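Asks: Sharing data_10.cif (mmCIF, C-alpha atoms) below.
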```cif
data_final
#
loop_
_atom_site.group_PDB
_atom_site.id
_atom_site.type_symbol
_atom_site.label_atom_id
_atom_site.label_comp_id
_atom_site.auth_asym_id
_atom_site.auth_seq_id
_atom_site.Cartn_x
_atom_site.Cartn_y
_atom_site.Cartn_z
ATOM 1 C CA MET A 235 -27.065 6.114 -12.291
ATOM 2 C CA SER A 236 -29.887 4.006 -13.776
ATOM 3 C CA ASN A 237 -32.460 3.109 -11.182
ATOM 4 C CA ARG A 238 -33.226 -0.613 -11.463
ATOM 5 C CA ALA A 239 -31.635 -2.125 -8.375
ATOM 6 C CA LEU A 240 -31.427 -5.498 -6.679
ATOM 7 C CA LEU A 241 -31.517 -4.928 -2.914
ATOM 8 C CA LEU A 242 -29.936 -7.715 -0.881
ATOM 9 C CA ILE A 243 -30.486 -7.319 2.846
ATOM 10 C CA ASN A 244 -29.008 -9.508 5.525
ATOM 11 C CA ARG A 245 -31.929 -9.242 7.927
ATOM 12 C CA HIS A 246 -29.947 -11.310 10.415
ATOM 13 C CA ALA A 247 -27.147 -8.744 10.622
ATOM 14 C CA ARG A 248 -27.103 -6.799 13.868
ATOM 15 C CA GLN A 249 -29.240 -3.957 12.478
ATOM 16 C CA GLY A 250 -30.640 -5.708 9.420
ATOM 17 C CA GLN A 251 -34.281 -6.355 10.200
ATOM 18 C CA GLU A 252 -35.019 -3.112 12.035
ATOM 19 C CA ARG A 253 -33.548 -0.946 9.262
ATOM 20 C CA TYR A 254 -34.791 -2.888 6.242
ATOM 21 C CA GLN A 255 -37.995 -0.883 5.852
ATOM 22 C CA GLN A 256 -36.110 2.382 6.346
ATOM 23 C CA ALA A 257 -33.809 1.482 3.457
ATOM 24 C CA MET A 258 -36.730 0.511 1.222
ATOM 25 C CA ASN A 259 -38.507 3.791 1.928
ATOM 26 C CA CYS A 260 -35.387 5.893 1.277
ATOM 27 C CA LEU A 261 -34.502 4.152 -1.973
ATOM 28 C CA THR A 262 -38.069 4.302 -3.290
ATOM 29 C CA GLN A 263 -38.277 8.019 -2.524
ATOM 30 C CA LEU A 264 -35.026 8.534 -4.428
ATOM 31 C CA GLY A 265 -36.592 6.964 -7.518
ATOM 32 C CA PHE A 266 -35.184 3.455 -7.458
ATOM 33 C CA LYS A 267 -37.183 0.536 -8.804
ATOM 34 C CA ILE A 268 -36.324 -2.169 -6.303
ATOM 35 C CA ILE A 269 -36.193 -5.926 -6.551
ATOM 36 C CA THR A 270 -35.602 -7.163 -3.014
ATOM 37 C CA GLU A 271 -34.295 -10.505 -1.817
ATOM 38 C CA SER A 272 -33.292 -11.844 1.584
ATOM 39 C CA THR A 273 -31.645 -15.082 2.608
ATOM 40 C CA GLU A 274 -30.390 -16.595 5.821
ATOM 41 C CA ASN A 275 -27.511 -18.169 3.906
ATOM 42 C CA PRO A 276 -24.973 -15.680 2.505
ATOM 43 C CA THR A 277 -23.635 -18.319 0.108
ATOM 44 C CA GLU A 278 -26.890 -17.943 -1.864
ATOM 45 C CA LEU A 279 -26.271 -14.256 -2.619
ATOM 46 C CA PRO A 280 -24.080 -14.754 -5.729
ATOM 47 C CA ALA A 281 -26.768 -16.896 -7.351
ATOM 48 C CA LEU A 282 -29.355 -14.148 -6.742
ATOM 49 C CA ILE A 283 -27.124 -11.533 -8.383
ATOM 50 C CA ARG A 284 -26.534 -13.754 -11.404
ATOM 51 C CA ARG A 285 -30.257 -14.559 -11.649
ATOM 52 C CA TYR A 286 -31.268 -10.897 -11.905
ATOM 53 C CA HIS A 287 -28.216 -9.347 -13.563
ATOM 54 C CA LYS A 288 -29.921 -8.720 -16.929
ATOM 55 C CA GLU A 289 -32.895 -7.015 -15.227
ATOM 56 C CA ILE A 290 -30.961 -4.546 -13.063
ATOM 57 C CA ASP A 291 -28.461 -1.698 -13.291
ATOM 58 C CA LEU A 292 -26.827 -2.071 -9.884
ATOM 59 C CA VAL A 293 -26.682 -4.223 -6.754
ATOM 60 C CA ILE A 294 -27.314 -2.690 -3.315
ATOM 61 C CA VAL A 295 -26.079 -4.795 -0.395
ATOM 62 C CA GLY A 296 -27.257 -4.159 3.165
ATOM 63 C CA GLY A 297 -25.203 -5.895 5.831
ATOM 64 C CA GLY A 298 -21.713 -6.061 7.243
ATOM 65 C CA ASP A 299 -18.357 -6.940 5.740
ATOM 66 C CA GLY A 300 -19.123 -10.661 5.721
ATOM 67 C CA THR A 301 -22.307 -10.131 3.702
ATOM 68 C CA LEU A 302 -20.489 -7.885 1.236
ATOM 69 C CA ASN A 303 -17.714 -10.432 0.867
ATOM 70 C CA ALA A 304 -20.271 -13.127 0.069
ATOM 71 C CA THR A 305 -21.398 -11.125 -2.997
ATOM 72 C CA VAL A 306 -18.016 -10.140 -4.381
ATOM 73 C CA GLU A 307 -17.465 -13.019 -6.806
ATOM 74 C CA ALA A 308 -20.771 -12.328 -8.567
ATOM 75 C CA ILE A 309 -20.051 -8.579 -8.618
ATOM 76 C CA VAL A 310 -16.734 -9.310 -10.352
ATOM 77 C CA ASP A 311 -18.388 -11.670 -12.843
ATOM 78 C CA THR A 312 -21.304 -9.386 -13.755
ATOM 79 C CA GLN A 313 -19.448 -6.052 -13.361
ATOM 80 C CA LEU A 314 -22.591 -4.501 -11.899
ATOM 81 C CA PRO A 315 -21.969 -1.364 -9.791
ATOM 82 C CA LEU A 316 -22.184 -1.936 -6.032
ATOM 83 C CA GLY A 317 -24.064 0.236 -3.551
ATOM 84 C CA ILE A 318 -23.435 -0.269 0.159
ATOM 85 C CA LEU A 319 -25.801 0.103 3.123
ATOM 86 C CA PRO A 320 -23.677 -0.462 6.265
ATOM 87 C CA LEU A 321 -25.802 -2.663 8.533
ATOM 88 C CA GLY A 322 -23.142 -4.792 10.193
ATOM 89 C CA THR A 323 -21.109 -4.593 13.360
ATOM 90 C CA ALA A 324 -17.795 -3.234 12.075
ATOM 91 C CA ASN A 325 -18.568 -1.934 8.552
ATOM 92 C CA ASP A 326 -14.863 -1.643 7.751
ATOM 93 C CA LEU A 327 -15.307 -1.454 3.977
ATOM 94 C CA ALA A 328 -17.801 1.393 4.359
ATOM 95 C CA ARG A 329 -15.350 3.138 6.696
ATOM 96 C CA THR A 330 -12.559 2.773 4.123
ATOM 97 C CA LEU A 331 -14.795 4.272 1.419
ATOM 98 C CA GLY A 332 -16.158 7.087 3.615
ATOM 99 C CA ILE A 333 -19.741 5.776 3.591
ATOM 100 C CA PRO A 334 -21.592 6.755 6.803
ATOM 101 C CA ASN A 335 -23.689 4.319 8.853
ATOM 102 C CA SER A 336 -26.750 6.562 8.437
ATOM 103 C CA ILE A 337 -29.151 4.775 6.084
ATOM 104 C CA PRO A 338 -30.594 7.992 4.551
ATOM 105 C CA GLN A 339 -27.079 9.293 3.881
ATOM 106 C CA ALA A 340 -25.908 5.968 2.459
ATOM 107 C CA CYS A 341 -28.963 5.849 0.166
ATOM 108 C CA GLN A 342 -28.245 9.381 -1.032
ATOM 109 C CA ILE A 343 -24.678 8.362 -1.883
ATOM 110 C CA ILE A 344 -26.036 5.481 -3.970
ATOM 111 C CA ALA A 345 -28.427 7.856 -5.742
ATOM 112 C CA SER A 346 -25.690 10.399 -6.511
ATOM 113 C CA GLY A 347 -24.093 7.944 -8.906
ATOM 114 C CA LYS A 348 -20.398 8.652 -8.197
ATOM 115 C CA LEU A 349 -18.576 5.484 -9.206
ATOM 116 C CA ARG A 350 -15.080 4.613 -7.996
ATOM 117 C CA ARG A 351 -13.205 1.568 -9.235
ATOM 118 C CA ILE A 352 -11.494 -0.226 -6.370
ATOM 119 C CA ASP A 353 -8.983 -3.034 -6.013
ATOM 120 C CA LEU A 354 -9.714 -6.428 -4.523
ATOM 121 C CA GLY A 355 -7.407 -8.705 -2.624
ATOM 122 C CA TRP A 356 -7.209 -12.368 -3.640
ATOM 123 C CA VAL A 357 -5.871 -15.329 -1.675
ATOM 124 C CA ASN A 358 -5.958 -18.942 -2.847
ATOM 125 C CA GLY A 359 -8.895 -18.180 -5.160
ATOM 126 C CA LYS A 360 -10.896 -16.159 -2.602
ATOM 127 C CA TYR A 361 -11.516 -12.412 -3.018
ATOM 128 C CA PHE A 362 -11.430 -9.980 -0.103
ATOM 129 C CA PHE A 363 -12.123 -6.262 0.276
ATOM 130 C CA ASN A 364 -10.337 -5.384 3.496
ATOM 131 C CA VAL A 365 -7.801 -7.776 5.003
ATOM 132 C CA ALA A 366 -6.779 -11.414 4.933
ATOM 133 C CA SER A 367 -4.850 -12.556 7.989
ATOM 134 C CA LEU A 368 -3.606 -15.456 10.052
ATOM 135 C CA GLY A 369 -2.767 -15.779 13.729
ATOM 136 C CA LEU A 370 -4.541 -13.650 16.326
ATOM 137 C CA SER A 371 -7.289 -12.472 13.986
ATOM 138 C CA VAL A 372 -8.397 -16.032 13.194
ATOM 139 C CA LYS A 373 -8.838 -16.793 16.888
ATOM 140 C CA ILE A 374 -10.727 -13.520 17.341
ATOM 141 C CA THR A 375 -13.024 -14.455 14.447
ATOM 142 C CA GLN A 376 -13.641 -17.867 16.001
ATOM 143 C CA GLY A 377 -14.645 -16.177 19.270
ATOM 144 C CA LEU A 378 -16.956 -13.611 17.674
ATOM 145 C CA THR A 379 -20.246 -15.478 17.621
ATOM 146 C CA LYS A 380 -23.361 -13.857 16.178
ATOM 147 C CA GLU A 381 -24.818 -13.613 19.662
ATOM 148 C CA ILE A 382 -21.759 -11.782 21.029
ATOM 149 C CA LYS A 383 -21.744 -9.331 18.101
ATOM 150 C CA ARG A 384 -25.482 -8.763 18.433
ATOM 151 C CA ARG A 385 -25.203 -8.098 22.163
ATOM 152 C CA TRP A 386 -21.992 -6.045 22.326
ATOM 153 C CA GLY A 387 -21.678 -4.555 18.861
ATOM 154 C CA ILE A 388 -18.303 -2.997 18.053
ATOM 155 C CA PHE A 389 -17.132 -3.549 21.652
ATOM 156 C CA ALA A 390 -17.233 -7.308 21.048
ATOM 157 C CA TYR A 391 -14.016 -7.042 19.024
ATOM 158 C CA ALA A 392 -12.084 -5.498 21.903
ATOM 159 C CA ALA A 393 -13.420 -7.959 24.476
ATOM 160 C CA ILE A 394 -12.585 -11.057 22.417
ATOM 161 C CA ALA A 395 -9.237 -9.591 21.302
ATOM 162 C CA LEU A 396 -8.076 -9.161 24.890
ATOM 163 C CA GLN A 397 -8.899 -12.798 25.666
ATOM 164 C CA VAL A 398 -7.067 -13.991 22.528
ATOM 165 C CA ILE A 399 -3.992 -11.794 23.092
ATOM 166 C CA TRP A 400 -3.562 -13.156 26.613
ATOM 167 C CA LYS A 401 -3.378 -16.719 25.226
ATOM 168 C CA SER A 402 -1.316 -15.899 22.109
ATOM 169 C CA ARG A 403 1.707 -17.979 21.114
ATOM 170 C CA PRO A 404 4.155 -17.153 18.288
ATOM 171 C CA PHE A 405 4.449 -19.319 15.164
ATOM 172 C CA HIS A 406 7.086 -19.510 12.424
ATOM 173 C CA ALA A 407 6.428 -18.455 8.831
ATOM 174 C CA GLU A 408 8.234 -17.654 5.603
ATOM 175 C CA ILE A 409 7.121 -14.605 3.629
ATOM 176 C CA LYS A 410 8.147 -14.224 -0.033
ATOM 177 C CA VAL A 411 7.640 -10.930 -1.866
ATOM 178 C CA ASN A 412 9.407 -8.924 -4.570
ATOM 179 C CA GLY A 413 12.073 -11.618 -4.964
ATOM 180 C CA GLU A 414 12.967 -11.605 -1.266
ATOM 181 C CA SER A 415 12.311 -14.160 1.476
ATOM 182 C CA PHE A 416 11.769 -13.397 5.175
ATOM 183 C CA LEU A 417 11.747 -15.987 7.974
ATOM 184 C CA VAL A 418 9.644 -14.673 10.855
ATOM 185 C CA LYS A 419 8.454 -15.640 14.310
ATOM 186 C CA THR A 420 5.116 -13.907 14.664
ATOM 187 C CA VAL A 421 1.689 -13.916 16.318
ATOM 188 C CA GLN A 422 -0.118 -12.216 13.431
ATOM 189 C CA ILE A 423 0.344 -11.712 9.698
ATOM 190 C CA ALA A 424 -2.170 -9.391 8.055
ATOM 191 C CA VAL A 425 -2.364 -8.609 4.344
ATOM 192 C CA GLY A 426 -4.459 -5.554 3.570
ATOM 193 C CA ASN A 427 -6.151 -4.406 0.379
ATOM 194 C CA GLY A 428 -8.243 -1.657 1.995
ATOM 195 C CA ARG A 429 -7.359 0.455 5.016
ATOM 196 C CA TYR A 430 -9.599 -0.698 7.893
ATOM 197 C CA TYR A 431 -10.352 -4.067 9.468
ATOM 198 C CA GLY A 432 -11.315 -5.565 12.824
ATOM 199 C CA GLY A 433 -13.722 -2.799 13.791
ATOM 200 C CA GLY A 434 -11.663 0.227 12.744
ATOM 201 C CA MET A 435 -8.000 -0.739 13.033
ATOM 202 C CA ALA A 436 -5.818 0.438 10.125
ATOM 203 C CA VAL A 437 -3.485 -1.935 8.306
ATOM 204 C CA VAL A 438 -1.179 0.964 7.392
ATOM 205 C CA HIS A 439 -1.808 4.675 7.895
ATOM 206 C CA ASP A 440 -1.658 5.498 4.159
ATOM 207 C CA ALA A 441 -3.328 2.388 2.720
ATOM 208 C CA ALA A 442 -5.978 2.986 0.059
ATOM 209 C CA ILE A 443 -8.338 0.571 -1.612
ATOM 210 C CA ASP A 444 -7.306 1.710 -5.092
ATOM 211 C CA ASP A 445 -3.505 2.020 -4.657
ATOM 212 C CA GLU A 446 -2.847 -1.246 -6.572
ATOM 213 C CA ARG A 447 -0.770 -2.750 -3.761
ATOM 214 C CA LEU A 448 -1.050 -5.062 -0.788
ATOM 215 C CA ASP A 449 0.207 -3.953 2.636
ATOM 216 C CA LEU A 450 1.490 -6.716 4.915
ATOM 217 C CA TYR A 451 2.457 -6.428 8.532
ATOM 218 C CA SER A 452 3.890 -9.147 10.761
ATOM 219 C CA LEU A 453 3.570 -8.719 14.529
ATOM 220 C CA GLU A 454 6.810 -10.210 15.857
ATOM 221 C CA ILE A 455 6.567 -10.285 19.658
ATOM 222 C CA ASP A 456 7.578 -12.987 22.114
ATOM 223 C CA HIS A 457 5.153 -12.311 24.984
ATOM 224 C CA TRP A 458 1.473 -11.370 24.976
ATOM 225 C CA TRP A 459 1.976 -8.229 27.056
ATOM 226 C CA GLN A 460 4.235 -6.698 24.395
ATOM 227 C CA ILE A 461 1.197 -6.050 22.220
ATOM 228 C CA ILE A 462 -0.424 -3.726 24.764
ATOM 229 C CA PRO A 463 1.715 -0.637 23.956
ATOM 230 C CA LEU A 464 1.052 -1.261 20.244
ATOM 231 C CA LEU A 465 -2.736 -1.138 20.447
ATOM 232 C CA PRO A 466 -3.198 2.664 20.221
ATOM 233 C CA SER A 467 -0.875 2.785 17.202
ATOM 234 C CA MET A 468 -2.841 0.001 15.483
ATOM 235 C CA ARG A 469 -5.930 2.202 15.374
ATOM 236 C CA GLN A 470 -4.060 4.696 13.174
ATOM 237 C CA GLY A 471 -1.916 2.195 11.273
ATOM 238 C CA ARG A 472 1.247 3.559 12.898
ATOM 239 C CA HIS A 473 2.246 0.244 14.485
ATOM 240 C CA ILE A 474 4.513 -0.286 11.459
ATOM 241 C CA ASP A 475 6.889 2.284 13.016
ATOM 242 C CA TRP A 476 7.618 -0.098 15.922
ATOM 243 C CA ALA A 477 10.695 -2.352 15.872
ATOM 244 C CA SER A 478 8.565 -5.430 16.624
ATOM 245 C CA VAL A 479 6.412 -4.936 13.502
ATOM 246 C CA ARG A 480 7.628 -5.868 10.015
ATOM 247 C CA ALA A 481 5.942 -3.966 7.169
ATOM 248 C CA ILE A 482 6.070 -5.092 3.521
ATOM 249 C CA GLN A 483 4.329 -3.933 0.341
ATOM 250 C CA GLY A 484 3.843 -5.804 -2.914
ATOM 251 C CA GLN A 485 1.406 -6.934 -5.574
ATOM 252 C CA GLU A 486 1.939 -10.660 -4.879
ATOM 253 C CA ILE A 487 2.944 -12.161 -1.527
ATOM 254 C CA THR A 488 3.358 -15.816 -0.562
ATOM 255 C CA VAL A 489 3.211 -17.105 3.012
ATOM 256 C CA TYR A 490 4.335 -20.568 4.112
ATOM 257 C CA THR A 491 4.002 -22.109 7.579
ATOM 258 C CA ARG A 492 5.253 -25.403 9.037
ATOM 259 C CA LYS A 493 1.687 -26.647 9.439
ATOM 260 C CA PRO A 494 -1.473 -25.236 7.848
ATOM 261 C CA HIS A 495 -2.774 -22.062 9.499
ATOM 262 C CA SER A 496 -6.331 -20.876 8.863
ATOM 263 C CA ILE A 497 -6.807 -17.559 7.046
ATOM 264 C CA ASN A 498 -9.515 -15.039 7.790
ATOM 265 C CA THR A 499 -10.842 -12.968 4.846
ATOM 266 C CA ASP A 500 -13.112 -10.037 5.768
ATOM 267 C CA GLY A 501 -14.122 -11.726 9.001
ATOM 268 C CA GLU A 502 -14.739 -15.233 7.655
ATOM 269 C CA ILE A 503 -12.331 -18.183 7.798
ATOM 270 C CA THR A 504 -12.047 -19.304 4.181
ATOM 271 C CA THR A 505 -8.659 -20.875 3.396
ATOM 272 C CA HIS A 506 -5.286 -21.787 4.921
ATOM 273 C CA THR A 507 -1.552 -21.691 4.342
ATOM 274 C CA PRO A 508 0.388 -22.125 2.147
ATOM 275 C CA ALA A 509 -1.159 -19.013 0.663
ATOM 276 C CA VAL A 510 -0.625 -16.780 -2.347
ATOM 277 C CA PHE A 511 -1.997 -13.231 -1.981
ATOM 278 C CA ARG A 512 -2.520 -10.936 -4.977
ATOM 279 C CA VAL A 513 -4.040 -7.532 -5.637
ATOM 280 C CA ILE A 514 -6.615 -7.399 -8.461
ATOM 281 C CA SER A 515 -6.432 -3.792 -9.643
ATOM 282 C CA LYS A 516 -9.589 -1.754 -10.346
ATOM 283 C CA ALA A 517 -11.673 -4.924 -10.141
ATOM 284 C CA ILE A 518 -15.151 -3.513 -9.452
ATOM 285 C CA ALA A 519 -17.074 -0.216 -9.344
ATOM 286 C CA VAL A 520 -18.578 1.027 -6.054
ATOM 287 C CA LEU A 521 -20.822 4.023 -5.366
ATOM 288 C CA VAL A 522 -19.022 6.391 -2.998
ATOM 289 C CA PRO A 523 -19.428 9.928 -1.612
ATOM 290 C CA GLU A 524 -18.497 12.974 -3.679
ATOM 291 C CA LEU A 525 -15.163 14.420 -2.614
#
```
Taking this structure as input, can you express it in the form of C-alpha cells?
Replies:
Amino acid sequence: MSNRALLLINRHARQGQERYQQAMNCLTQLGFKIITESTENPTELPALIRRYHKEIDLVIVGGGDGTLNATVEAIVDTQLPLGILPLGTANDLARTLGIPNSIPQACQIIASGKLRRIDLGWVNGKYFFNVASLGLSVKITQGLTKEIKRRWGIFAYAAIALQVIWKSRPFHAEIKVNGESFLVKTVQIAVGNGRYYGGGMAVVHDAAIDDERLDLYSLEIDHWWQIIPLLPSMRQGRHIDWASVRAIQGQEITVYTRKPHSINTDGEITTHTPAVFRVISKAIAVLVPEL
C-alpha cells in the first residue's frame, strides 16, 4: 500500500480527541506520510476527500459509523482505498470487517495493505454500510444524543432501546421484492448490507458485507413485551427463526407505508418512505485484517 494518506479524525467522537495523537504516532512510525484534517461538521468530509484525492493514495477515517457514512459518497466517487480507525461508540462496520478497537492494531491492519472490495447499501440516493431501518431504530436514534453516548458508551443503546420498546406501536407497510408483495403489521423493518448494527446486533447470522444481497427482517409483534424473548437471538441474528419475524433477501427491495416514516442509515436519519433499497456490489475497497 502506498503511504500518502489523508487522515480524517472526528475529534468529537467519544474517543476521538484523546486517541488522535496515538493514531498519528502509530501511522507515522509505520511510514505513512499524513495529511490530517478535522471538522466539527461531518458533511464537510466529502469535500476534503475530493480536495486532496490527487495528492493521496488512501483515506483513513477515525470515528464511528456516522463519521464513516459521511465519507462514503466521496470514497465511491474517487475510488480511494479506505482505512478505518474505530473511534466511535458502536463501531459496527469495524466489527463486521474484523477490525479491532485497538488503535495500534487498526493502524497495523491499514499498513498491511490487504484490500477487500465490499458492497454498499443504497436507499433513495443515500449509501449505507451497515443497515437502513424504520420503526424502533429511528426512535432509538432520536434518543441517542451525543451526551448520552459520551456518558454511557455502548450501554446507551440498551438503555434507550428499552425505553423505546416499552412505547412501541405497530405500523402497516407493504414490502415488494423479487416480484412478490407482502403486507405487514410491524414495529421494525431493517434492511442490512453488512452484518452488525445498533451496537453489535446482527441483521442475519450469515450476513456478509460482500455477499451481493440485502437482508431484510420485519419484526411483526402486537405488544411491546413480545420483543423481550427475541433480544438474545437478535445479538446472533437468529431472531429470523422466530414466527413473529419475517426474513427476506434480495438485491432490490421497496417499502411503502401509509404515511411517510423516517429511515435511519448507519445511525443517522437521512430519508423516509416510500423507499427503494438496493445493493451496490463491490462498490469500494477497504483495508482489512489478513485471514
Asks: Around the point (0.7, -10.2, 1.3), in the coordinates given by the file, pick out the residues reaching within 10 Å, counting only C-alpha atoms, and return them as a VMD selection string.
Replies: chain A and resid 355 to 357 365 to 367 409 to 411 423 to 427 447 to 451 482 to 489 509 to 513
Asks: Apply the PyMOL selection byres ((chain A and resi 293) around 8) to the displayed file and report the matching residues as number ranges by chain.
Replies: A: 239-242, 283, 290-292, 294-295, 314-317
Asks: If you keep C-alpha atoms, can you produce a file of those selected residues as an mmCIF file, in the coordinates of the input?
Replies:
```cif
data_model
loop_
_atom_site.group_PDB
_atom_site.id
_atom_site.type_symbol
_atom_site.label_atom_id
_atom_site.label_comp_id
_atom_site.auth_asym_id
_atom_site.auth_seq_id
_atom_site.Cartn_x
_atom_site.Cartn_y
_atom_site.Cartn_z
ATOM 1 C CA ALA A 239 -31.635 -2.125 -8.375
ATOM 2 C CA LEU A 240 -31.427 -5.498 -6.679
ATOM 3 C CA LEU A 241 -31.517 -4.928 -2.914
ATOM 4 C CA LEU A 242 -29.936 -7.715 -0.881
ATOM 5 C CA ILE A 283 -27.124 -11.533 -8.383
ATOM 6 C CA ILE A 290 -30.961 -4.546 -13.063
ATOM 7 C CA ASP A 291 -28.461 -1.698 -13.291
ATOM 8 C CA LEU A 292 -26.827 -2.071 -9.884
ATOM 9 C CA ILE A 294 -27.314 -2.690 -3.315
ATOM 10 C CA VAL A 295 -26.079 -4.795 -0.395
ATOM 11 C CA LEU A 314 -22.591 -4.501 -11.899
ATOM 12 C CA PRO A 315 -21.969 -1.364 -9.791
ATOM 13 C CA LEU A 316 -22.184 -1.936 -6.032
ATOM 14 C CA GLY A 317 -24.064 0.236 -3.551
#
```
Asks: Hey, what's within 12 Å of region 405-407 of chain A if we count only C-alpha atoms and toss same-chain stuff fewer than 2 positions away? As a VMD selection string, please?
Replies: chain A and resid 368 to 370 402 to 403 409 to 410 415 to 423 452 to 456 488 to 495 507 to 509
Asks: Dump as a PyMOL selection string all residues having an atom at most 6 Å from (-14.3, 6.9, -1.4), computed in the file's coordinates with only C-alpha atoms.
Replies: chain A and resi 331-332+522-523
Asks: Please compute the CA of Ile462 (chain A)-CA of Thr505 (chain A) distance, one decimal, in Å.
Replies: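 Result for CA of Ile462 (chain A) versus CA of Thr505 (chain A): 28.6 Å, one decimal.
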Asks: Can you give me, as a list in words, the residues this file yields under the PyMOL selection byres ((chain A and resi 352) around 6)?
Replies: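 Applied to this file, the PyMOL selection byres ((chain A and resi 352) around 6) selects Arg351, Asp353, Ile443, Asp444, Lys516 and Ile518 of chain A.
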Asks: For region 251-268 of chain A, work out the shell of residues within 7 Å, counting all atoms listed in the file and skipping chain neighbours fewer than 3 positions away, then give it as a PDB file with C-alpha atoms, keeping the file's coordinate frame.
Replies:
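Wrote it out as out-v1.pdb, contents follow:
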```pdb
ATOM      1  CA  ASN A 237     -32.460   3.109 -11.182  1.00  0.00           C
ATOM      2  CA  ARG A 238     -33.226  -0.613 -11.463  1.00  0.00           C
ATOM      3  CA  ALA A 239     -31.635  -2.125  -8.375  1.00  0.00           C
ATOM      4  CA  LEU A 240     -31.427  -5.498  -6.679  1.00  0.00           C
ATOM      5  CA  LEU A 241     -31.517  -4.928  -2.914  1.00  0.00           C
ATOM      6  CA  ARG A 245     -31.929  -9.242   7.927  1.00  0.00           C
ATOM      7  CA  HIS A 246     -29.947 -11.310  10.415  1.00  0.00           C
ATOM      8  CA  ILE A 337     -29.151   4.775   6.084  1.00  0.00           C
ATOM      9  CA  PRO A 338     -30.594   7.992   4.551  1.00  0.00           C
ATOM     10  CA  CYS A 341     -28.963   5.849   0.166  1.00  0.00           C
ATOM     11  CA  ALA A 345     -28.427   7.856  -5.742  1.00  0.00           C
TER      12      ALA A 345
END
```
Asks: For a test of reading the model, state the distance in Å between CA of Pro334 (chain A) and CA of Ala281 (chain A), rounded to one decimal.
Replies: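 So the two atoms, CA of Pro334 (chain A) and CA of Ala281 (chain A), lie 28.0 Å apart.
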Asks: Output as AutoDock Vina command-line options the centre and edge lengths (Å, one decimal) of the box along x, y and z of the file that holds every listed atom of region 509-524 of chain A after adding 4 Å on each side.
Replies:
```
--center_x -10.7 --center_y -3.0 --center_z -4.8 --size_x 28.2 --size_y 40.0 --size_z 19.0
```
Asks: One decimal, in Å: what's the spacing between CA of Asp299 (chain A) and CA of Ile318 (chain A)?
Replies: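 For CA of Asp299 (chain A) relative to CA of Ile318 (chain A), the distance reads 10.1 Å.
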Asks: As a PDB file, in the coordinates of the input, please: region 486-498 of chain A completed to N, CA and C atoms.
Replies:
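Final output, saved to out-v4.pdb:
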```pdb
ATOM      1  N   GLU A 486       2.132  -9.221  -5.126  1.00  0.00           N
ATOM      2  CA  GLU A 486       1.939 -10.660  -4.879  1.00  0.00           C
ATOM      3  C   GLU A 486       2.825 -11.064  -3.717  1.00  0.00           C
ATOM      4  N   ILE A 487       2.245 -11.747  -2.744  1.00  0.00           N
ATOM      5  CA  ILE A 487       2.944 -12.161  -1.527  1.00  0.00           C
ATOM      6  C   ILE A 487       2.588 -13.620  -1.246  1.00  0.00           C
ATOM      7  N   THR A 488       3.590 -14.417  -0.904  1.00  0.00           N
ATOM      8  CA  THR A 488       3.358 -15.816  -0.562  1.00  0.00           C
ATOM      9  C   THR A 488       3.756 -16.048   0.890  1.00  0.00           C
ATOM     10  N   VAL A 489       2.931 -16.790   1.612  1.00  0.00           N
ATOM     11  CA  VAL A 489       3.211 -17.105   3.012  1.00  0.00           C
ATOM     12  C   VAL A 489       3.157 -18.618   3.207  1.00  0.00           C
ATOM     13  N   TYR A 490       4.247 -19.144   3.779  1.00  0.00           N
ATOM     14  CA  TYR A 490       4.335 -20.568   4.112  1.00  0.00           C
ATOM     15  C   TYR A 490       4.432 -20.711   5.631  1.00  0.00           C
ATOM     16  N   THR A 491       3.857 -21.777   6.161  1.00  0.00           N
ATOM     17  CA  THR A 491       4.002 -22.109   7.579  1.00  0.00           C
ATOM     18  C   THR A 491       4.313 -23.599   7.699  1.00  0.00           C
ATOM     19  N   ARG A 492       4.868 -24.002   8.851  1.00  0.00           N
ATOM     20  CA  ARG A 492       5.253 -25.403   9.037  1.00  0.00           C
ATOM     21  C   ARG A 492       4.052 -26.335   8.973  1.00  0.00           C
ATOM     22  N   LYS A 493       2.948 -25.912   9.547  1.00  0.00           N
ATOM     23  CA  LYS A 493       1.687 -26.647   9.439  1.00  0.00           C
ATOM     24  C   LYS A 493       0.622 -25.670   8.968  1.00  0.00           C
ATOM     25  N   PRO A 494      -0.467 -26.160   8.373  1.00  0.00           N
ATOM     26  CA  PRO A 494      -1.473 -25.236   7.848  1.00  0.00           C
ATOM     27  C   PRO A 494      -2.054 -24.321   8.929  1.00  0.00           C
ATOM     28  N   HIS A 495      -2.125 -23.032   8.634  1.00  0.00           N
ATOM     29  CA  HIS A 495      -2.774 -22.062   9.499  1.00  0.00           C
ATOM     30  C   HIS A 495      -3.990 -21.491   8.765  1.00  0.00           C
ATOM     31  N   SER A 496      -5.120 -21.425   9.466  1.00  0.00           N
ATOM     32  CA  SER A 496      -6.331 -20.876   8.863  1.00  0.00           C
ATOM     33  C   SER A 496      -6.153 -19.400   8.535  1.00  0.00           C
ATOM     34  N   ILE A 497      -6.864 -18.950   7.492  1.00  0.00           N
ATOM     35  CA  ILE A 497      -6.807 -17.559   7.046  1.00  0.00           C
ATOM     36  C   ILE A 497      -8.205 -16.961   7.074  1.00  0.00           C
ATOM     37  N   ASN A 498      -8.271 -15.788   7.642  1.00  0.00           N
ATOM     38  CA  ASN A 498      -9.515 -15.039   7.790  1.00  0.00           C
ATOM     39  C   ASN A 498      -9.577 -13.984   6.676  1.00  0.00           C
TER      40      ASN A 498
END
```
